[in-house]
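Okay, so here's the structure we're looking at.
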Amino acid sequence: MSGKIAKYVTVGTNNLNKAKEFYDKLFEDLGARSFAPNERSFFYTLKDDDTVFAIFIPYDGNEATVGNGNMTGITLDSTEEVDAMYAKAMELGATDEGAPGERVPTFYGAYVRDLDGNKLVFCKMG
């Protein structure tokens, strides 16, 4: 089994349009491309970098604050590895934030909060 830390990084926002305008401008000199996979988020990619930066309206419905909307993604090689990591995290005392499953056709993920409340996602992309 192999993993990768920081396939993507997210930050929360209470005003998606305003945040998109800010990050569009902030990243324009880097040649960033953005796309919106849904109405709650925008993702940014850079040429020659496979890490993605994203802005989100928090899915839990609460106001975005420092930390709410932030998450660390750990990319794995298969959906079975995602399932195994989720199960292991739960065994170790993590809190469920979303059971393993396909979220969009190219993303399979499982969400947990660690013992301190930090949100992690184990995922298979592509």
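By convention here, the chains of the structure tokens are called A, B, ... in the order presented, each chain's residues are numbered starting at 1, and ligands are numbered starting at 1 in the order presented.
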
Write out as a PDB file with N, CA and C atoms, in the first residue's frame which residues come within 8 Å of Arg113 (chain A) when counting only C-alpha atoms, dropping same-chain ones fewer than 6 positions away.
```
ATOM      1  N   ALA A  94     -11.310   7.463  15.479  1.00  0.00           N
ATOM      2  CA  ALA A  94     -11.749   8.591  14.647  1.00  0.00           C
ATOM      3  C   ALA A  94     -13.269   8.683  14.661  1.00  0.00           C
ATOM      4  N   THR A  95     -13.773   9.838  14.281  1.00  0.00           N
ATOM      5  CA  THR A  95     -15.211  10.077  14.172  1.00  0.00           C
ATOM      6  C   THR A  95     -15.603  10.072  12.704  1.00  0.00           C
ATOM      7  N   ASP A  96     -16.688   9.381  12.404  1.00  0.00           N
ATOM      8  CA  ASP A  96     -17.181   9.299  11.025  1.00  0.00           C
ATOM      9  C   ASP A  96     -17.674  10.652  10.527  1.00  0.00           C
ATOM     10  N   GLU A  97     -17.221  11.039   9.345  1.00  0.00           N
ATOM     11  CA  GLU A  97     -17.716  12.261   8.684  1.00  0.00           C
ATOM     12  C   GLU A  97     -18.247  11.953   7.291  1.00  0.00           C
ATOM     13  N   LYS A 119     -10.100  17.162  10.107  1.00  0.00           N
ATOM     14  CA  LYS A 119     -10.790  16.377   9.089  1.00  0.00           C
ATOM     15  C   LYS A 119      -9.811  15.837   8.063  1.00  0.00           C
ATOM     16  N   LEU A 120      -9.963  14.539   7.791  1.00  0.00           N
ATOM     17  CA  LEU A 120      -9.163  13.860   6.789  1.00  0.00           C
ATOM     18  C   LEU A 120     -10.083  13.198   5.789  1.00  0.00           C
TER      19      LEU A 120
END
```

Which of region 17-125 of chain A counts as helix (DSSP H, G or I) under DSSP, as a list in words please?
Asn17, Lys18, Ala19, Lys20, Glu21, Phe22, Tyr23, Asp24, Lys25, Leu26, Phe27, Glu28, Asp29, Leu30, Thr79, Glu80, Glu81, Val82, Asp83, Ala84, Met85, Tyr86, Ala87, Lys88, Ala89, Met90 and Glu91 of chain A

With a distance cut-off of 10 Å and only C-alpha atoms, select the neighbouring residues of region 20-22 of chain A, excluding the residue or stretch itself and same-chain residues fewer than 6 positions from it, and output the selection as a list in words.
Thr13, Ser34, Ser41, Phe42, Phe43, Tyr44, Ala54, Ile55 and Phe56 of chain A

Secondary structure check, strand (DSSP E) residues of region 22-103 of chain A, as a short mmCIF file (atom, residue, chain, number, x, y, z; two decimals) with C-alpha atoms, in the first residue's frame:
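In the end it all went to states-v2.cif:
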```cif
data_model
loop_
_atom_site.label_atom_id
_atom_site.label_comp_id
_atom_site.auth_asym_id
_atom_site.auth_seq_id
_atom_site.Cartn_x
_atom_site.Cartn_y
_atom_site.Cartn_z
CA ARG A 33 -6.97 26.96 -13.90
CA SER A 34 -10.20 26.72 -11.89
CA PHE A 35 -13.26 24.54 -12.21
CA ALA A 36 -16.42 24.02 -10.20
CA PRO A 37 -17.40 20.37 -9.71
CA ASN A 38 -20.54 21.48 -7.85
CA SER A 41 -16.80 24.69 -4.41
CA PHE A 42 -14.08 25.78 -6.80
CA PHE A 43 -10.87 23.86 -7.43
CA TYR A 44 -7.57 25.28 -8.70
CA THR A 45 -4.78 23.45 -10.48
CA LEU A 46 -1.36 24.63 -11.55
CA ASP A 49 1.54 20.19 -10.21
CA ASP A 50 -0.91 17.43 -9.37
CA THR A 51 -1.94 18.98 -6.03
CA VAL A 52 -5.29 20.79 -6.04
CA PHE A 53 -6.30 23.79 -3.93
CA ALA A 54 -10.03 24.18 -3.28
CA ILE A 55 -12.43 26.61 -1.65
CA PHE A 56 -15.65 25.24 -0.16
CA MET A 71 -9.30 19.05 5.27
CA THR A 72 -6.26 17.00 4.38
CA GLY A 73 -6.65 14.54 1.51
CA ILE A 74 -4.66 11.32 1.47
CA THR A 75 -4.75 9.73 -1.97
CA LEU A 76 -4.57 5.95 -2.25
CA THR A 95 -15.21 10.08 14.17
CA ASP A 96 -17.18 9.30 11.02
CA GLU A 97 -17.72 12.26 8.68
CA GLY A 98 -18.80 10.27 5.62
CA ALA A 99 -18.61 6.55 4.93
CA PRO A 100 -16.64 5.33 1.90
CA GLY A 101 -18.36 5.87 -1.41
CA GLU A 102 -18.30 7.49 -4.82
CA ARG A 103 -18.93 11.24 -4.52
#
```

What's around Asp77 (chain A) at 10 Å? Count only C-alpha atoms, leave out sequence neighbours fewer than 2 positions away in its own chain, and write the answer as a list in words.
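Listing them by chain and then by number gives Met1, Ser2, Gly3, Lys4, Thr75, Thr79, Glu80, Glu81, Val82, Cys123, Lys124, Met125 and Gly126 of chain A.
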
Tell me which protein, DNA and RNA residues are within 9 Å of Ile57 (chain A), counting only C-alpha atoms, leaving out same-chain ones fewer than 2 positions away, and put them as a VMD selection string.
chain A and resid 11 to 16 39 to 41 55 59 to 64 69

Can I get the selected residues back with C-alpha atoms, as a PDB file, in the first residue's frame?
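Everything below was put into selection-v9.pdb:
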```pdb
ATOM      1  CA  VAL A  11     -10.295  26.118   2.840  1.00  0.00           C
ATOM      2  CA  GLY A  12     -13.779  27.098   3.920  1.00  0.00           C
ATOM      3  CA  THR A  13     -15.683  30.204   2.867  1.00  0.00           C
ATOM      4  CA  ASN A  14     -18.988  31.887   3.664  1.00  0.00           C
ATOM      5  CA  ASN A  15     -19.116  33.666   0.301  1.00  0.00           C
ATOM      6  CA  LEU A  16     -18.039  31.412  -2.567  1.00  0.00           C
ATOM      7  CA  GLU A  39     -22.289  24.605  -6.549  1.00  0.00           C
ATOM      8  CA  ARG A  40     -20.411  24.549  -3.218  1.00  0.00           C
ATOM      9  CA  SER A  41     -16.799  24.687  -4.407  1.00  0.00           C
ATOM     10  CA  ILE A  55     -12.434  26.610  -1.651  1.00  0.00           C
ATOM     11  CA  TYR A  59     -20.828  20.783   3.836  1.00  0.00           C
ATOM     12  CA  ASP A  60     -22.012  20.573   7.448  1.00  0.00           C
ATOM     13  CA  GLY A  61     -24.064  23.764   7.009  1.00  0.00           C
ATOM     14  CA  ASN A  62     -22.190  25.651   9.715  1.00  0.00           C
ATOM     15  CA  GLU A  63     -20.367  28.922   9.179  1.00  0.00           C
ATOM     16  CA  ALA A  64     -16.860  28.642   7.780  1.00  0.00           C
ATOM     17  CA  GLY A  69     -13.938  23.556   5.645  1.00  0.00           C
TER      18      GLY A  69
END
```

Distance in Å - CA of Asn70 (chain A) versus CA of Ala6 (chain A):
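Computing the Euclidean distance for CA of Asn70 (chain A) and CA of Ala6 (chain A) yields 11.9 Å.
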
Here is a test: counting only C-alpha atoms, which residue of A:Phe107, A:Asp114, A:Gly67, A:Lys7 is nearest to Glu91 (chain A)?
A:Asp114

Separation of CA of Gly93 (chain A) from CA of Asn68 (chain A) in Å:
20.2 Å
